[in-house]
>>> print(open('entry-v4.txt').read())   # compact mmCIF, C-alpha atoms
# COMPACT_ATOMS: atom_id res chain seq x y z
CA MET A 1 73.10 -143.62 -68.70
CA THR A 2 71.14 -146.68 -69.77
CA THR A 3 68.16 -146.40 -72.04
CA VAL A 4 65.39 -148.88 -72.71
CA ASP A 5 65.68 -150.98 -75.83
CA THR A 6 62.89 -153.56 -75.81
CA ALA A 7 60.25 -154.77 -78.20
CA PRO A 8 57.29 -152.41 -78.49
CA PRO A 9 54.35 -153.27 -76.21
CA PRO A 10 51.11 -154.62 -77.72
CA ALA A 11 48.69 -152.08 -79.21
CA LEU A 12 46.32 -151.69 -76.28
CA HIS A 13 43.92 -149.42 -78.16
CA ARG A 14 43.06 -152.43 -80.35
CA ASP A 15 42.32 -154.68 -77.38
CA ARG A 16 38.53 -154.59 -76.91
CA ARG A 17 38.67 -155.52 -73.23
CA PHE A 18 41.23 -152.86 -72.34
CA ARG A 19 39.41 -150.33 -74.51
CA THR A 20 36.17 -150.96 -72.61
CA PHE A 21 38.00 -150.63 -69.29
CA TRP A 22 39.68 -147.44 -70.52
CA ILE A 23 36.36 -145.90 -71.56
CA GLY A 24 34.82 -146.73 -68.18
CA GLU A 25 37.73 -145.15 -66.34
CA THR A 26 37.51 -142.06 -68.55
CA VAL A 27 33.78 -141.58 -67.92
CA SER A 28 34.25 -141.99 -64.18
CA GLN A 29 37.20 -139.56 -64.11
CA PHE A 30 35.14 -136.87 -65.83
CA GLY A 31 32.40 -137.27 -63.26
CA ASP A 32 34.91 -137.06 -60.41
CA ARG A 33 36.18 -133.68 -61.59
CA ILE A 34 32.67 -132.26 -61.22
CA SER A 35 32.28 -133.54 -57.66
CA GLU A 36 35.74 -132.34 -56.65
CA LEU A 37 34.63 -128.83 -57.54
CA ALA A 38 31.00 -129.15 -56.44
CA LEU A 39 31.50 -130.65 -52.95
CA PRO A 40 33.64 -127.82 -51.53
CA LEU A 41 31.46 -125.25 -53.32
CA ILE A 42 28.38 -126.70 -51.58
CA ALA A 43 30.21 -126.27 -48.28
CA VAL A 44 31.45 -122.76 -49.07
CA SER A 45 28.48 -121.20 -50.88
CA LEU A 46 25.47 -123.13 -49.61
CA LEU A 47 26.54 -123.86 -46.03
CA ALA A 48 29.03 -120.96 -45.39
CA ALA A 49 31.74 -123.38 -44.26
CA THR A 50 34.90 -122.15 -42.54
CA PRO A 51 38.43 -123.07 -43.76
CA MET A 52 38.63 -125.80 -41.10
CA GLN A 53 35.25 -127.27 -42.10
CA VAL A 54 36.32 -127.38 -45.76
CA SER A 55 39.55 -129.09 -44.68
CA VAL A 56 37.59 -131.67 -42.64
CA LEU A 57 35.48 -132.38 -45.74
CA THR A 58 38.63 -133.01 -47.79
CA ALA A 59 40.11 -135.15 -45.01
CA LEU A 60 37.03 -137.39 -44.78
CA ILE A 61 37.26 -138.29 -48.47
CA TRP A 62 40.72 -139.79 -47.86
CA LEU A 63 40.29 -141.09 -44.30
CA PRO A 64 38.96 -144.54 -45.41
CA ASN A 65 42.37 -145.28 -46.92
CA LEU A 66 43.47 -146.15 -43.39
CA LEU A 67 41.25 -149.24 -43.80
CA GLY A 68 43.43 -150.30 -46.72
CA LEU A 69 45.66 -152.40 -44.46
CA PHE A 70 42.78 -154.79 -43.74
CA LEU A 71 40.82 -154.39 -46.97
CA GLY A 72 43.96 -155.20 -48.99
CA ALA A 73 44.39 -158.54 -47.20
CA TRP A 74 40.68 -159.29 -47.69
CA VAL A 75 40.82 -158.40 -51.41
CA ASP A 76 43.80 -160.75 -51.92
CA GLN A 77 41.55 -163.62 -50.82
CA ARG A 78 38.81 -162.81 -53.36
CA THR A 79 38.86 -164.40 -56.80
CA HIS A 80 36.44 -162.07 -58.58
CA LYS A 81 38.10 -158.65 -58.46
CA ARG A 82 35.89 -157.34 -61.28
CA ARG A 83 32.84 -157.88 -59.05
CA LEU A 84 34.46 -155.75 -56.32
CA LEU A 85 35.01 -152.92 -58.81
CA ILE A 86 31.36 -152.98 -59.84
CA ILE A 87 30.16 -152.98 -56.21
CA ALA A 88 32.44 -150.01 -55.44
CA ASP A 89 31.00 -148.05 -58.37
CA LEU A 90 27.41 -148.77 -57.31
CA ILE A 91 28.11 -147.71 -53.71
CA ARG A 92 29.49 -144.37 -54.84
CA ALA A 93 26.62 -143.75 -57.25
CA ALA A 94 23.98 -144.38 -54.56
CA VAL A 95 25.72 -142.13 -52.02
CA LEU A 96 26.12 -139.24 -54.46
CA PHE A 97 22.48 -139.41 -55.58
CA SER A 98 21.50 -138.60 -51.99
CA LEU A 99 22.84 -135.04 -52.27
CA PRO A 100 20.63 -133.75 -55.12
CA ALA A 101 17.68 -135.58 -53.52
CA ALA A 102 18.24 -133.75 -50.23
CA TYR A 103 18.74 -130.45 -52.07
CA LEU A 104 15.36 -130.74 -53.76
CA PHE A 105 13.78 -130.87 -50.30
CA GLY A 106 16.01 -128.11 -48.88
CA ALA A 107 17.62 -130.55 -46.46
CA VAL A 108 21.35 -130.46 -47.30
CA THR A 109 23.48 -130.22 -44.15
CA LEU A 110 27.18 -130.23 -43.39
CA THR A 111 26.72 -133.58 -41.62
CA GLN A 112 25.30 -135.14 -44.77
CA LEU A 113 28.15 -133.65 -46.80
CA TYR A 114 30.65 -135.24 -44.40
CA LEU A 115 28.91 -138.63 -44.68
CA VAL A 116 28.89 -138.44 -48.48
CA ALA A 117 32.61 -137.65 -48.47
CA LEU A 118 33.35 -140.54 -46.08
CA LEU A 119 31.28 -143.18 -47.92
CA THR A 120 32.50 -142.23 -51.38
CA GLY A 121 35.98 -142.53 -49.93
CA VAL A 122 35.22 -146.10 -48.79
CA GLY A 123 34.04 -146.94 -52.31
CA ALA A 124 37.16 -145.40 -53.81
CA VAL A 125 39.45 -147.50 -51.56
CA LEU A 126 37.63 -150.72 -52.45
CA PHE A 127 37.87 -149.87 -56.15
CA ALA A 128 41.57 -148.99 -55.96
CA LEU A 129 42.51 -152.23 -54.18
CA GLY A 130 40.54 -154.40 -56.61
CA HIS A 131 41.90 -152.39 -59.53
CA GLN A 132 45.49 -153.53 -58.84
CA ALA A 133 44.77 -157.23 -59.41
CA PHE A 134 42.26 -156.62 -62.21
CA PHE A 135 44.82 -154.49 -64.06
CA VAL A 136 47.44 -157.28 -64.17
CA ALA A 137 44.81 -159.79 -65.32
CA LEU A 138 43.92 -157.44 -68.17
CA VAL A 139 47.27 -155.94 -69.23
CA PRO A 140 50.49 -157.83 -70.13
CA ARG A 141 53.62 -156.83 -68.21
CA SER A 142 55.28 -155.39 -71.32
CA ALA A 143 52.42 -152.89 -71.62
CA TYR A 144 52.29 -151.63 -68.01
CA LEU A 145 53.88 -148.26 -68.81
CA ASP A 146 51.77 -147.77 -71.94
CA ALA A 147 48.55 -148.73 -70.13
CA ASN A 148 49.30 -146.39 -67.22
CA SER A 149 50.07 -143.64 -69.72
CA LYS A 150 46.71 -144.11 -71.46
CA LEU A 151 44.77 -144.18 -68.19
CA SER A 152 46.64 -141.09 -67.00
CA MET A 153 45.90 -139.37 -70.30
CA SER A 154 42.19 -139.86 -69.66
CA ARG A 155 42.66 -138.47 -66.18
CA SER A 156 44.40 -135.46 -67.65
CA LEU A 157 41.65 -134.92 -70.21
CA SER A 158 39.14 -135.01 -67.39
CA PHE A 159 41.08 -132.27 -65.60
CA ILE A 160 40.94 -130.17 -68.77
CA ALA A 161 37.25 -130.42 -69.60
CA GLY A 162 35.87 -131.59 -66.24
CA PRO A 163 36.40 -128.43 -64.16
CA ALA A 164 35.16 -126.16 -66.95
CA VAL A 165 32.05 -128.26 -67.52
CA GLY A 166 31.62 -128.69 -63.77
CA GLY A 167 31.91 -124.95 -63.16
CA GLY A 168 29.31 -124.28 -65.83
CA LEU A 169 26.96 -126.93 -64.43
CA VAL A 170 27.36 -125.59 -60.90
CA GLN A 171 26.47 -122.09 -62.05
CA ALA A 172 23.56 -123.25 -64.22
CA LEU A 173 22.07 -125.99 -62.04
CA SER A 174 23.59 -125.48 -58.55
CA ALA A 175 26.36 -127.61 -57.06
CA PRO A 176 24.16 -130.39 -55.58
CA VAL A 177 22.34 -131.00 -58.86
CA ALA A 178 25.61 -131.02 -60.82
CA ILE A 179 26.73 -134.00 -58.71
CA VAL A 180 24.13 -136.11 -60.53
CA VAL A 181 26.61 -136.25 -63.42
CA ASP A 182 29.24 -137.94 -61.24
CA ALA A 183 26.69 -140.42 -59.89
CA VAL A 184 25.66 -141.35 -63.43
CA SER A 185 29.32 -141.76 -64.41
CA PHE A 186 29.76 -144.45 -61.75
CA LEU A 187 26.73 -146.30 -63.09
CA ALA A 188 28.22 -146.15 -66.59
CA SER A 189 31.55 -147.45 -65.28
CA ALA A 190 29.82 -150.37 -63.55
CA LEU A 191 27.93 -151.31 -66.74
CA LEU A 192 31.11 -151.23 -68.82
CA LEU A 193 33.05 -153.32 -66.28
CA ARG A 194 30.26 -155.89 -66.39
CA ARG A 195 31.02 -156.42 -70.09
CA ILE A 196 34.70 -157.23 -69.59
CA GLN A 197 35.52 -160.92 -69.35
CA VAL A 198 38.88 -161.79 -67.81
CA THR A 199 40.40 -164.92 -66.36
CA GLU A 200 41.09 -164.20 -62.71
CA SER A 201 43.32 -166.67 -60.92
CA PRO A 202 42.05 -167.96 -57.57
CA PRO A 203 44.07 -166.82 -54.55
CA PRO A 204 46.64 -169.21 -53.07
CA PRO A 205 45.64 -171.12 -49.92
CA ARG A 206 45.69 -168.86 -46.89
CA ARG A 207 48.91 -169.42 -44.93
CA THR A 208 48.19 -167.09 -42.04
CA SER A 209 45.48 -165.02 -40.36
CA THR A 210 44.18 -161.71 -41.69
CA LEU A 211 46.38 -159.89 -39.19
CA GLY A 212 49.32 -161.93 -40.38
CA MET A 213 48.59 -160.96 -43.99
CA VAL A 214 48.35 -157.31 -42.95
CA ARG A 215 51.74 -157.62 -41.27
CA GLU A 216 53.19 -159.26 -44.39
CA GLY A 217 51.99 -156.36 -46.52
CA LEU A 218 53.56 -153.78 -44.24
CA VAL A 219 56.84 -155.67 -43.95
CA MET A 220 57.06 -156.08 -47.73
CA VAL A 221 56.55 -152.37 -48.35
CA LEU A 222 58.93 -151.22 -45.62
CA ARG A 223 61.75 -153.66 -46.43
CA HIS A 224 61.72 -153.49 -50.22
CA PRO A 225 64.08 -150.63 -51.20
CA VAL A 226 61.98 -149.54 -54.20
CA LEU A 227 58.62 -149.80 -52.45
CA ARG A 228 59.93 -148.04 -49.33
CA ALA A 229 61.42 -145.12 -51.28
CA ALA A 230 58.33 -144.75 -53.46
CA LEU A 231 56.12 -144.72 -50.37
CA GLY A 232 58.27 -142.13 -48.61
CA CYS A 233 58.27 -139.93 -51.70
CA THR A 234 54.55 -140.07 -52.46
CA SER A 235 53.56 -139.74 -48.79
CA THR A 236 55.67 -136.61 -48.41
CA VAL A 237 54.40 -135.03 -51.60
CA ASN A 238 50.80 -135.95 -50.74
CA PHE A 239 51.02 -134.43 -47.27
CA PHE A 240 52.17 -131.06 -48.57
CA THR A 241 50.10 -130.92 -51.76
CA PHE A 242 46.97 -131.70 -49.75
CA ILE A 243 47.64 -128.65 -47.65
CA ALA A 244 47.17 -126.80 -50.95
CA SER A 245 44.27 -128.98 -52.16
CA ALA A 246 42.27 -128.29 -49.01
CA LEU A 247 42.60 -124.54 -49.50
CA LEU A 248 42.77 -123.93 -53.25
CA VAL A 249 39.05 -123.63 -54.07
CA LEU A 250 38.47 -121.55 -50.95
CA TYR A 251 41.45 -119.31 -51.82
CA ALA A 252 40.35 -118.87 -55.43
CA SER A 253 36.77 -118.16 -54.42
CA ARG A 254 37.31 -115.80 -51.46
CA ASP A 255 40.77 -114.25 -51.80
CA LEU A 256 40.92 -114.08 -55.60
CA ASP A 257 37.16 -113.46 -55.93
CA LEU A 258 36.81 -115.89 -58.86
CA SER A 259 33.47 -117.42 -59.80
CA ALA A 260 32.88 -121.18 -60.05
CA GLY A 261 33.07 -120.90 -63.84
CA ALA A 262 36.36 -118.97 -63.70
CA ILE A 263 37.90 -121.48 -61.28
CA GLY A 264 36.82 -124.34 -63.52
CA LEU A 265 38.25 -122.59 -66.58
CA ALA A 266 41.63 -121.99 -64.92
CA LEU A 267 41.92 -125.57 -63.62
CA GLY A 268 40.77 -126.97 -66.95
CA CYS A 269 43.32 -124.97 -68.96
CA GLY A 270 46.04 -125.85 -66.49
CA ALA A 271 45.27 -129.55 -66.87
CA LEU A 272 46.58 -129.38 -70.44
CA GLY A 273 49.96 -129.90 -68.81
CA GLY A 274 48.75 -133.23 -67.46
CA LEU A 275 47.62 -134.32 -70.92
CA ALA A 276 51.04 -133.45 -72.34
CA GLY A 277 52.75 -135.22 -69.44
CA ALA A 278 50.68 -138.38 -69.89
CA ALA A 279 51.45 -138.48 -73.62
CA LEU A 280 55.18 -137.73 -73.28
CA THR A 281 56.11 -139.65 -70.12
CA PRO A 282 56.90 -143.02 -71.80
CA ARG A 283 59.12 -141.27 -74.37
CA ILE A 284 60.90 -139.15 -71.74
CA ALA A 285 61.45 -142.21 -69.52
CA ARG A 286 62.94 -144.16 -72.43
CA THR A 287 65.27 -141.24 -73.20
CA ILE A 288 66.62 -140.20 -69.79
CA GLY A 289 65.53 -143.13 -67.61
CA LEU A 290 62.53 -143.92 -65.44
CA GLY A 291 64.14 -142.79 -62.18
CA ARG A 292 65.36 -139.43 -63.43
CA THR A 293 62.01 -138.70 -65.04
CA THR A 294 60.25 -139.45 -61.76
CA MET A 295 62.49 -137.10 -59.77
CA ILE A 296 61.93 -134.26 -62.22
CA GLY A 297 58.20 -134.88 -61.93
CA VAL A 298 58.24 -134.59 -58.13
CA VAL A 299 59.82 -131.13 -58.28
CA LEU A 300 57.63 -129.85 -61.13
CA PHE A 301 54.52 -131.11 -59.34
CA SER A 302 55.17 -129.42 -56.00
CA ALA A 303 57.25 -126.28 -56.47
CA PRO A 304 54.76 -124.27 -58.61
CA LEU A 305 52.10 -124.52 -55.88
CA ALA A 306 54.05 -121.95 -53.84
CA LEU A 307 53.54 -119.44 -56.65
CA THR A 308 49.75 -119.43 -56.15
CA ALA A 309 50.38 -117.03 -53.25
CA LEU A 310 51.68 -114.45 -55.75
CA ILE A 311 48.53 -114.34 -57.89
CA THR A 312 47.12 -110.83 -58.21
CA GLY A 313 45.77 -108.32 -60.73
CA PRO A 314 42.58 -108.16 -62.80
CA THR A 315 40.35 -111.20 -63.17
CA TRP A 316 41.85 -112.31 -66.51
CA ALA A 317 45.35 -112.17 -65.03
CA LYS A 318 44.33 -114.21 -61.99
CA ILE A 319 42.79 -116.88 -64.22
CA ALA A 320 45.88 -116.93 -66.48
CA MET A 321 48.32 -117.18 -63.56
CA LEU A 322 46.35 -119.93 -61.86
CA ALA A 323 46.12 -121.83 -65.15
CA ALA A 324 49.89 -121.50 -65.79
CA ILE A 325 50.75 -122.80 -62.32
CA GLU A 326 48.38 -125.73 -62.75
CA LEU A 327 49.87 -126.40 -66.21
CA VAL A 328 53.39 -127.00 -64.88
CA SER A 329 52.19 -128.84 -61.76
CA SER A 330 49.92 -131.22 -63.69
CA PHE A 331 52.75 -131.99 -66.16
CA GLY A 332 54.97 -132.88 -63.22
CA VAL A 333 52.46 -135.14 -61.50
CA MET A 334 52.14 -137.23 -64.67
CA LEU A 335 55.91 -137.71 -64.87
CA MET A 336 55.86 -138.86 -61.25
CA ASP A 337 52.68 -140.95 -61.15
CA ILE A 338 52.94 -142.89 -64.41
CA ASN A 339 56.49 -144.05 -63.75
CA LEU A 340 55.95 -144.89 -60.08
CA ASN A 341 52.69 -146.75 -60.76
CA ALA A 342 54.33 -148.87 -63.45
CA LEU A 343 57.32 -149.49 -61.19
CA LEU A 344 55.18 -150.56 -58.23
CA THR A 345 53.15 -152.89 -60.43
CA ALA A 346 56.29 -154.47 -61.87
CA VAL A 347 58.05 -155.23 -58.55
CA THR A 348 55.00 -156.48 -56.60
CA PRO A 349 54.38 -160.28 -56.49
CA ASP A 350 51.07 -161.30 -58.07
CA ASP A 351 49.73 -162.99 -54.92
CA ALA A 352 50.39 -159.92 -52.75
CA ARG A 353 48.99 -157.06 -54.84
CA GLY A 354 46.05 -156.33 -52.54
CA ARG A 355 48.20 -156.40 -49.42
CA ARG A 356 50.86 -154.22 -51.00
CA ALA A 357 48.28 -151.77 -52.30
CA GLY A 358 46.49 -151.75 -48.95
CA ALA A 359 49.63 -151.13 -46.90
CA TYR A 360 50.87 -148.56 -49.40
CA SER A 361 47.59 -146.66 -49.63
CA ALA A 362 47.02 -146.73 -45.87
CA VAL A 363 50.18 -144.66 -45.43
CA ASN A 364 50.30 -142.79 -48.74
CA TYR A 365 46.63 -141.84 -48.93
CA GLY A 366 46.07 -141.98 -45.18
CA ILE A 367 48.41 -139.02 -44.78
CA ARG A 368 46.25 -136.90 -47.07
CA PRO A 369 43.59 -136.19 -44.40
CA LEU A 370 46.38 -135.08 -42.08
CA GLY A 371 47.69 -132.75 -44.78
CA ALA A 372 44.20 -131.36 -45.35
CA LEU A 373 43.68 -130.75 -41.62
CA VAL A 374 47.10 -129.10 -41.29
CA GLY A 375 46.15 -126.97 -44.27
CA GLY A 376 42.99 -125.83 -42.53
CA ALA A 377 44.90 -125.04 -39.35
CA LEU A 378 47.64 -123.19 -41.25
CA GLY A 379 45.12 -121.28 -43.33
CA THR A 380 43.33 -120.18 -40.17
CA ALA A 381 46.49 -119.35 -38.22
CA VAL A 382 48.71 -117.62 -40.79
CA GLY A 383 46.41 -117.03 -43.77
CA LEU A 384 45.80 -118.83 -47.06
CA ARG A 385 48.73 -117.37 -49.02
CA PRO A 386 51.50 -118.34 -46.54
CA ALA A 387 49.96 -121.81 -46.19
CA LEU A 388 50.17 -122.31 -49.95
CA VAL A 389 53.86 -121.33 -49.91
CA VAL A 390 54.55 -123.95 -47.22
CA ALA A 391 52.70 -126.56 -49.30
CA GLY A 392 54.69 -125.89 -52.45
CA LEU A 393 58.16 -125.72 -50.90
CA GLY A 394 57.56 -128.62 -48.54
CA GLY A 395 56.41 -130.91 -51.35
CA THR A 396 59.74 -130.62 -53.16
CA LEU A 397 61.45 -132.34 -50.20
CA ALA A 398 59.89 -135.60 -51.41
CA VAL A 399 62.60 -135.92 -54.07
CA LEU A 400 65.15 -136.67 -51.31
CA TRP A 401 63.57 -140.12 -50.86
CA LEU A 402 64.33 -140.97 -54.49
CA LEU A 403 67.84 -139.51 -54.43
CA ALA A 404 68.73 -141.81 -51.53
CA SER A 405 67.26 -144.95 -53.15
CA PRO A 406 67.91 -147.33 -56.09
CA ILE A 407 65.08 -145.63 -58.01
CA ARG A 408 67.32 -142.78 -59.17
CA ARG A 409 69.47 -145.32 -61.06
CA ILE A 410 66.62 -147.33 -62.61
CA ALA A 411 66.30 -146.66 -66.33
CA SER A 412 63.59 -149.21 -67.22
CA LEU A 413 61.09 -151.69 -65.80
CA ASP A 414 63.34 -154.53 -67.00
CA GLU A 415 66.11 -153.22 -64.73
CA ALA A 416 63.68 -152.92 -61.83
CA THR A 417 62.42 -156.51 -62.08
CA ALA A 418 65.90 -157.90 -62.72
CA GLY A 419 67.15 -156.15 -59.59
>>> encode(input="entry-v4.txt", output="structure tokens")
Amino acid sequence: MTTVDTAPPPALHRDRRFRTFWIGETVSQFGDRISELALPLIAVSLLAATPMQVSVLTALIWLPNLLGLFLGAWVDQRTHKRRLLIIADLIRAAVLFSLPAAYLFGAVTLTQLYLVALLTGVGAVLFALGHQAFFVALVPRSAYLDANSKLSMSRSLSFIAGPAVGGGLVQALSAPVAIVVDAVSFLASALLLRRIQVTESPPPPRRTSTLGMVREGLVMVLRHPVLRAALGCTSTVNFFTFIASALLVLYASRDLDLSAGAIGLALGCGALGGLAGAALTPRIARTIGLGRTTMIGVVLFSAPLALTALITGPTWAKIAMLAAIELVSSFGVMLMDINLNALLTAVTPDDARGRRAGAYSAVNYGIRPLGALVGGALGTAVGLRPALVVAGLGGTLAVLWLLASPIRRIASLDEATAG
């Protein structure tokens, strides 16, 4: 076994530009946790949505990722990636503000909810594609793993406090009004991004058409052994875990009879595992290797989801069991995500980051709506508990992609780039 023995990365928490970016990401992540709870609760409690309708809502949030193939090529030709991030934040803020406005006039409909989900998804795709290039302009290569760990730690913190705060806000103010918090968080993120000054290199002269650039992105992802295996792994795990994601709030609300506050409390406590995972991932990867850590993360992320079908007992026991399952799963997803994100960033050429991200997200995130729709169909056909078992056991199959690839032997980013 080879371990990493390199100079320590720069202290990112002392870098004012990264710190500002980190704060903006943290604020936005906290707002997202509220909407993730509030949107399905609007559908379930306010509009009496069926399992299939809730699944369609989840699918629409991720459907715009299919545009990533073309948006990625377009983003690669833009010099000012920071400007794209700000525009994406403002789009999402404006769309989300429409929900509380409609609620005040008693005009919220399922159609509007679908449109909000779709348009916020478009903003999220634009932000994610611009984020790839902006990240490498802001963070030195030696600090990729550390930077991803810090950003993931913020995401984990948001999963701890966000659902609990969101559940309380939903109960106190109603779900549509609580979404105001997420809209404001996007405005705050845009203002903070505006303060960050980075030197962004102009794109190289265009050598081919947009369709040609799209094709290049797909070919690069499918031919590169690391990119191909990572895509197969994350696409598989996303398909199955989104079967669970589409049904979890509905299952907790209807089958387990938990209130919005109780659901938020359980998810928030469970997210402590993500915080621990984000903090410990760099150390674990240095000790046992990046590839092995990633494979362990895949299994820990998916397998516990099957246990949600076994939750029973008094209310306190249901909350505790749901929190424990989320604790292990969120720890696993950090082990998987942080390492794979750093690995993808390290092996992708600078002039192809948008195309790679677009091709990757079109497949990886584009499969999430399919998973959500399958979840709705399964939940309707066989019931919510059996569907959750399928989601958990199926997700563990994703580790086979890594076992059959060079990733399982990669101990560090230096090995990945050298290879």
>>> residues_near_point(input="entry-v4.txt", point="(20.4, -135.0, -59.2)", cutoff="12 Å", atoms="all atoms listed in the file", output="list of chain:residue names")
A:Ala93, A:Ala94, A:Val95, A:Leu96, A:Phe97, A:Ser98, A:Leu99, A:Pro100, A:Ala101, A:Ala102, A:Tyr103, A:Leu104, A:Phe105, A:Leu169, A:Val170, A:Leu173, A:Ser174, A:Ala175, A:Pro176, A:Val177, A:Ala178, A:Ile179, A:Val180, A:Val181, A:Asp182, A:Ala183, A:Val184
>>> write_last_selection(input="entry-v4.txt", atoms="C-alpha atoms", output="PDB file, in the coordinates of the input")
ATOM      1  CA  ALA A  93      26.620-143.750 -57.250  1.00  0.00           C
ATOM      2  CA  ALA A  94      23.980-144.380 -54.560  1.00  0.00           C
ATOM      3  CA  VAL A  95      25.720-142.130 -52.020  1.00  0.00           C
ATOM      4  CA  LEU A  96      26.120-139.240 -54.460  1.00  0.00           C
ATOM      5  CA  PHE A  97      22.480-139.410 -55.580  1.00  0.00           C
ATOM      6  CA  SER A  98      21.500-138.600 -51.990  1.00  0.00           C
ATOM      7  CA  LEU A  99      22.840-135.040 -52.270  1.00  0.00           C
ATOM      8  CA  PRO A 100      20.630-133.750 -55.120  1.00  0.00           C
ATOM      9  CA  ALA A 101      17.680-135.580 -53.520  1.00  0.00           C
ATOM     10  CA  ALA A 102      18.240-133.750 -50.230  1.00  0.00           C
ATOM     11  CA  TYR A 103      18.740-130.450 -52.070  1.00  0.00           C
ATOM     12  CA  LEU A 104      15.360-130.740 -53.760  1.00  0.00           C
ATOM     13  CA  PHE A 105      13.780-130.870 -50.300  1.00  0.00           C
ATOM     14  CA  LEU A 169      26.960-126.930 -64.430  1.00  0.00           C
ATOM     15  CA  VAL A 170      27.360-125.590 -60.900  1.00  0.00           C
ATOM     16  CA  LEU A 173      22.070-125.990 -62.040  1.00  0.00           C
ATOM     17  CA  SER A 174      23.590-125.480 -58.550  1.00  0.00           C
ATOM     18  CA  ALA A 175      26.360-127.610 -57.060  1.00  0.00           C
ATOM     19  CA  PRO A 176      24.160-130.390 -55.580  1.00  0.00           C
ATOM     20  CA  VAL A 177      22.340-131.000 -58.860  1.00  0.00           C
ATOM     21  CA  ALA A 178      25.610-131.020 -60.820  1.00  0.00           C
ATOM     22  CA  ILE A 179      26.730-134.000 -58.710  1.00  0.00           C
ATOM     23  CA  VAL A 180      24.130-136.110 -60.530  1.00  0.00           C
ATOM     24  CA  VAL A 181      26.610-136.250 -63.420  1.00  0.00           C
ATOM     25  CA  ASP A 182      29.240-137.940 -61.240  1.00  0.00           C
ATOM     26  CA  ALA A 183      26.690-140.420 -59.890  1.00  0.00           C
ATOM     27  CA  VAL A 184      25.660-141.350 -63.430  1.00  0.00           C
TER      28      VAL A 184
END
>>> residues_near_point(input="entry-v4.txt", point="(29.7, -143.2, -67.6)", cutoff="8 Å", atoms="all atoms listed in the file", output="PyMOL selection string")
chain A and resi 24+26-28+31+184-189
>>> atom_distance(input="entry-v4.txt", atom1="atom CA of A:Ala346", atom2="atom CA of A:Phe135")
11.7 Å
>>> residues_around(input="entry-v4.txt", residues="A:Gly130", least_positions_apart="5", cutoff="8 Å", atoms="only C-alpha atoms", output="list of chain:residue names")
A:Val75, A:Lys81, A:Arg82, A:Leu84, A:Leu85, A:Gly354
>>> atom_distance(input="entry-v4.txt", atom1="atom CA of A:Asp89", atom2="atom CA of A:His131")
11.8 Å
>>> closest_residue(input="entry-v4.txt", among="A:Pro51, A:Gly232, A:Pro64, A:Gly212", to="A:Val374", atoms="all atoms listed in the file")
A:Pro51
>>> residues_around(input="entry-v4.txt", residues="A:Ser149", least_positions_apart="5", cutoff="12 Å", atoms="only C-alpha atoms", output="PDB file with C-alpha atoms, in the frame of the given file")
ATOM      1  CA  LEU A  12      46.320-151.690 -76.280  1.00  0.00           C
ATOM      2  CA  HIS A  13      43.920-149.420 -78.160  1.00  0.00           C
ATOM      3  CA  TRP A  22      39.680-147.440 -70.520  1.00  0.00           C
ATOM      4  CA  ALA A 143      52.420-152.890 -71.620  1.00  0.00           C
ATOM      5  CA  TYR A 144      52.290-151.630 -68.010  1.00  0.00           C
ATOM      6  CA  SER A 154      42.190-139.860 -69.660  1.00  0.00           C
ATOM      7  CA  ARG A 155      42.660-138.470 -66.180  1.00  0.00           C
ATOM      8  CA  SER A 156      44.400-135.460 -67.650  1.00  0.00           C
ATOM      9  CA  GLY A 274      48.750-133.230 -67.460  1.00  0.00           C
ATOM     10  CA  LEU A 275      47.620-134.320 -70.920  1.00  0.00           C
ATOM     11  CA  ALA A 276      51.040-133.450 -72.340  1.00  0.00           C
ATOM     12  CA  GLY A 277      52.750-135.220 -69.440  1.00  0.00           C
ATOM     13  CA  ALA A 278      50.680-138.380 -69.890  1.00  0.00           C
ATOM     14  CA  ALA A 279      51.450-138.480 -73.620  1.00  0.00           C
ATOM     15  CA  LEU A 280      55.180-137.730 -73.280  1.00  0.00           C
ATOM     16  CA  THR A 281      56.110-139.650 -70.120  1.00  0.00           C
ATOM     17  CA  PRO A 282      56.900-143.020 -71.800  1.00  0.00           C
ATOM     18  CA  ARG A 283      59.120-141.270 -74.370  1.00  0.00           C
ATOM     19  CA  ILE A 284      60.900-139.150 -71.740  1.00  0.00           C
ATOM     20  CA  ALA A 285      61.450-142.210 -69.520  1.00  0.00           C
ATOM     21  CA  MET A 334      52.140-137.230 -64.670  1.00  0.00           C
ATOM     22  CA  LEU A 335      55.910-137.710 -64.870  1.00  0.00           C
ATOM     23  CA  MET A 336      55.860-138.860 -61.250  1.00  0.00           C
ATOM     24  CA  ASP A 337      52.680-140.950 -61.150  1.00  0.00           C
ATOM     25  CA  ILE A 338      52.940-142.890 -64.410  1.00  0.00           C
ATOM     26  CA  ASN A 339      56.490-144.050 -63.750  1.00  0.00           C
ATOM     27  CA  LEU A 340      55.950-144.890 -60.080  1.00  0.00           C
ATOM     28  CA  ASN A 341      52.690-146.750 -60.760  1.00  0.00           C
ATOM     29  CA  ALA A 342      54.330-148.870 -63.450  1.00  0.00           C
TER      30      ALA A 342
END
>>> closest_residue(input="entry-v4.txt", among="A:Gly394, A:Pro406, A:Gly268, A:Pro349", to="A:Arg228", atoms="all atoms listed in the file")
A:Pro406
>>> closest_residue(input="entry-v4.txt", among="A:Val122, A:Leu250, A:Leu343, A:Ile42", to="A:Leu71", atoms="all atoms listed in the file")
A:Val122
